[in-house]
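Structure first, then comments.
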Amino acid sequence: MVNGPNLGRLGVREPDVYGRQDLATLRKDCVAWGQTLGLEVEVRQSDDEAEVIGWMHQAVDEKTPVVMNPAAFTHYSYGLADAAHMVTDAGLPLMEVHISNPSARDQFRRHSVISPVVTGTITGLGFFGYRLALEAVAHLIQQ
Ligand code: DQA
């Protein structure tokens with residue numbers, strides 16, 4: 001599970017938008033949800049675009065399904081979009097998650113360069129969206 005820039009500040013960053021729970025809580029929740037689904041979940045976060053792109057390459061090489069909240073990279077990173085495309089091109093599930101509903105916010109958030117290359121997108125459901133994304137991964141790898 002990959003989280004992009006500023007998501008390390010969950011809990012203190014715009015709590016009315018992103019909630020009051022922090023990344024450590026998200027990590028704990030996702031590992032526990034994964035266990036109920038038979039998935040071994042690792043939660044990563046970086047503010048560095050190159051590092052996130054490297055994680056996509058690693059997912060391809062290691063054949064690992066991905067749940068990703070690309071955060072602000074969603075709206076402008078063609079480099080990450082190309083790397084995300086490699087994940088789905090390899091036949092691996094890639095779920096895009098947003099805690100908020102970006103379409104209901106600023107104009108610049110209404111466009112995702114990532115959505116066209118992912119398996120599916122979940123927005124606006126808070127941390128619960130990550131749980132649904134893990135359920136989607138569990139479902140998809142059984143197909
Ligand atoms: C976000 C939405 C993005 O627009 C924003 O840049 C984020 C978080 C979300 O989870 O709602 O950092 O991806």
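Residues are referred to by chain and number: the chain letter is A, B, ... according to the order shown in the structure tokens, the number counts from 1 in that chain, and ligands are numbered separately from 1 in the order shown.
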Quick one: residues within 10 Å of Val41 of chain A, only C-alpha atoms, excluding same-chain residues fewer than 2 positions away - as a list in words?
Met1, Arg27, Lys28, Cys30, Val31, Ala32, Trp33, Gly34, Gln35, Gly38, Leu39, Val43, Arg44, Val66, Val67 and Leu134 of chain A
I'd like the contact shell of Asp48 of chain A - 10 Å cut-off, only C-alpha atoms, skipping same-chain residues fewer than 6 positions apart - returned as a PyMOL selection string.
chain A and resi 4-5+73
Generate a file of the selected residues that holds all heavy atoms, formatted as a compact mmCIF listing (two decimals), in the first residue's frame.
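Okay, again.txt is ready:
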```
# COMPACT_ATOMS: atom_id res chain seq x y z
N GLY A 4 1.15 8.81 -1.04
CA GLY A 4 1.96 9.90 -1.56
C GLY A 4 2.14 11.05 -0.59
O GLY A 4 1.95 10.91 0.62
N PRO A 5 2.52 12.21 -1.13
CA PRO A 5 3.00 13.32 -0.32
C PRO A 5 1.96 13.87 0.66
O PRO A 5 0.78 13.95 0.36
CB PRO A 5 3.36 14.39 -1.35
CG PRO A 5 2.61 14.03 -2.58
CD PRO A 5 2.51 12.53 -2.57
N PHE A 73 0.16 13.89 -6.23
CA PHE A 73 0.71 13.37 -7.49
C PHE A 73 -0.42 12.97 -8.46
O PHE A 73 -0.22 12.94 -9.67
CB PHE A 73 1.60 12.14 -7.25
CG PHE A 73 2.86 12.40 -6.47
CD1 PHE A 73 3.44 11.40 -5.70
CD2 PHE A 73 3.49 13.64 -6.51
CE1 PHE A 73 4.61 11.62 -4.97
CE2 PHE A 73 4.67 13.87 -5.79
CZ PHE A 73 5.22 12.86 -5.02
```
Name the residues of chain A that fall into helix (DSSP H, G or I) according to DSSP on the backbone, using the chain letters and numbers of this document, as a PyMOL selection string.
chain A and resi 7-9+15-18+23-37+49-62+71-75+78-89+102-104+107-110+115-117+128-141
Could you write out the selected residues, including C-alpha atoms, as a PDB file, in the first residue's frame?
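As a result, selection37.pdb now contains:
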```pdb
ATOM      1  CA  LEU A   7      -0.127  11.726   3.972  1.00  0.00           C
ATOM      2  CA  GLY A   8       2.503  11.304   6.671  1.00  0.00           C
ATOM      3  CA  ARG A   9       0.756  14.307   8.232  1.00  0.00           C
ATOM      4  CA  PRO A  15      -8.574  17.067  10.017  1.00  0.00           C
ATOM      5  CA  ASP A  16     -11.989  18.210   8.810  1.00  0.00           C
ATOM      6  CA  VAL A  17     -11.101  16.831   5.372  1.00  0.00           C
ATOM      7  CA  TYR A  18      -8.863  13.844   6.192  1.00  0.00           C
ATOM      8  CA  LEU A  23      -0.765   7.199   9.416  1.00  0.00           C
ATOM      9  CA  ALA A  24       0.241   4.799  12.206  1.00  0.00           C
ATOM     10  CA  THR A  25      -3.453   4.078  12.806  1.00  0.00           C
ATOM     11  CA  LEU A  26      -4.048   3.589   9.082  1.00  0.00           C
ATOM     12  CA  ARG A  27      -1.087   1.215   8.971  1.00  0.00           C
ATOM     13  CA  LYS A  28      -2.420  -0.806  11.921  1.00  0.00           C
ATOM     14  CA  ASP A  29      -5.949  -0.916  10.463  1.00  0.00           C
ATOM     15  CA  CYS A  30      -4.746  -1.981   7.009  1.00  0.00           C
ATOM     16  CA  VAL A  31      -2.536  -4.761   8.357  1.00  0.00           C
ATOM     17  CA  ALA A  32      -5.500  -6.040  10.423  1.00  0.00           C
ATOM     18  CA  TRP A  33      -7.965  -5.782   7.507  1.00  0.00           C
ATOM     19  CA  GLY A  34      -5.429  -7.581   5.327  1.00  0.00           C
ATOM     20  CA  GLN A  35      -5.196 -10.415   7.828  1.00  0.00           C
ATOM     21  CA  THR A  36      -8.955 -10.979   7.678  1.00  0.00           C
ATOM     22  CA  LEU A  37      -8.668 -11.167   3.867  1.00  0.00           C
ATOM     23  CA  GLU A  49       7.914  11.175  -6.421  1.00  0.00           C
ATOM     24  CA  ALA A  50      10.974   9.163  -7.488  1.00  0.00           C
ATOM     25  CA  GLU A  51      10.606   6.869  -4.490  1.00  0.00           C
ATOM     26  CA  VAL A  52       6.915   6.242  -5.205  1.00  0.00           C
ATOM     27  CA  ILE A  53       7.717   5.505  -8.870  1.00  0.00           C
ATOM     28  CA  GLY A  54      10.420   3.087  -7.697  1.00  0.00           C
ATOM     29  CA  TRP A  55       7.822   1.286  -5.576  1.00  0.00           C
ATOM     30  CA  MET A  56       5.652   0.772  -8.700  1.00  0.00           C
ATOM     31  CA  HIS A  57       8.641  -0.772 -10.488  1.00  0.00           C
ATOM     32  CA  GLN A  58       9.222  -3.004  -7.470  1.00  0.00           C
ATOM     33  CA  ALA A  59       5.563  -4.087  -7.500  1.00  0.00           C
ATOM     34  CA  VAL A  60       5.907  -5.080 -11.166  1.00  0.00           C
ATOM     35  CA  ASP A  61       9.158  -6.963 -10.568  1.00  0.00           C
ATOM     36  CA  GLU A  62       7.804  -8.763  -7.499  1.00  0.00           C
ATOM     37  CA  ALA A  71      -2.218  12.308  -2.993  1.00  0.00           C
ATOM     38  CA  ALA A  72      -1.237  15.450  -4.922  1.00  0.00           C
ATOM     39  CA  PHE A  73       0.713  13.368  -7.492  1.00  0.00           C
ATOM     40  CA  THR A  74      -2.764  12.292  -8.661  1.00  0.00           C
ATOM     41  CA  HIS A  75      -3.277  15.567 -10.396  1.00  0.00           C
ATOM     42  CA  TYR A  78       2.743  11.732 -15.658  1.00  0.00           C
ATOM     43  CA  GLY A  79       5.820   9.895 -14.420  1.00  0.00           C
ATOM     44  CA  LEU A  80       3.761   8.153 -11.750  1.00  0.00           C
ATOM     45  CA  ALA A  81       0.932   7.557 -14.249  1.00  0.00           C
ATOM     46  CA  ASP A  82       3.371   5.796 -16.590  1.00  0.00           C
ATOM     47  CA  ALA A  83       4.706   3.698 -13.710  1.00  0.00           C
ATOM     48  CA  ALA A  84       1.151   2.879 -12.565  1.00  0.00           C
ATOM     49  CA  HIS A  85       0.344   1.829 -16.123  1.00  0.00           C
ATOM     50  CA  MET A  86       3.186  -0.694 -15.943  1.00  0.00           C
ATOM     51  CA  VAL A  87       1.530  -2.266 -12.883  1.00  0.00           C
ATOM     52  CA  THR A  88      -1.823  -2.856 -14.592  1.00  0.00           C
ATOM     53  CA  ASP A  89      -0.079  -3.795 -17.861  1.00  0.00           C
ATOM     54  CA  PRO A 102     -11.422  15.221  -4.789  1.00  0.00           C
ATOM     55  CA  SER A 103     -14.221  15.873  -7.305  1.00  0.00           C
ATOM     56  CA  ALA A 104     -16.111  17.817  -4.654  1.00  0.00           C
ATOM     57  CA  GLN A 107     -10.929  22.584  -9.457  1.00  0.00           C
ATOM     58  CA  PHE A 108      -7.369  21.240  -9.756  1.00  0.00           C
ATOM     59  CA  ARG A 109      -8.335  18.110  -7.788  1.00  0.00           C
ATOM     60  CA  ARG A 110     -11.074  17.177 -10.270  1.00  0.00           C
ATOM     61  CA  SER A 115      -7.394   7.067 -12.799  1.00  0.00           C
ATOM     62  CA  PRO A 116      -7.168   6.156 -16.514  1.00  0.00           C
ATOM     63  CA  VAL A 117      -4.488   3.531 -15.839  1.00  0.00           C
ATOM     64  CA  PHE A 128     -12.806   2.816   4.997  1.00  0.00           C
ATOM     65  CA  GLY A 129     -11.864   3.321   1.331  1.00  0.00           C
ATOM     66  CA  TYR A 130      -8.573   1.505   1.958  1.00  0.00           C
ATOM     67  CA  ARG A 131     -10.487  -1.411   3.415  1.00  0.00           C
ATOM     68  CA  LEU A 132     -12.712  -1.596   0.350  1.00  0.00           C
ATOM     69  CA  ALA A 133      -9.630  -1.401  -1.872  1.00  0.00           C
ATOM     70  CA  LEU A 134      -8.077  -4.343  -0.030  1.00  0.00           C
ATOM     71  CA  GLU A 135     -11.331  -6.279  -0.468  1.00  0.00           C
ATOM     72  CA  ALA A 136     -11.174  -5.473  -4.178  1.00  0.00           C
ATOM     73  CA  VAL A 137      -7.586  -6.761  -4.349  1.00  0.00           C
ATOM     74  CA  ALA A 138      -8.553  -9.961  -2.514  1.00  0.00           C
ATOM     75  CA  HIS A 139     -11.447 -10.425  -4.951  1.00  0.00           C
ATOM     76  CA  LEU A 140      -9.399  -9.661  -8.060  1.00  0.00           C
ATOM     77  CA  ILE A 141      -6.522 -12.020  -7.272  1.00  0.00           C
TER      78      ILE A 141
END
```
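If you look at atom CA of Pro93 of chain A and atom CA of Arg13 of chain A, they are 29.2 Å away from each other.
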Can you list, as JSON, numbers by chain, all residues belonging to segment 18-82 of chain A that DSSP tags as strand (DSSP E)?
{"A": [44, 45, 66, 67, 68, 69]}
Residue neighbourhood Tyr76 of chain A, 9 Å, only C-alpha atoms, exclusion window fewer than 5 positions, as an NGL selection string
:A and (81 or 111-114)
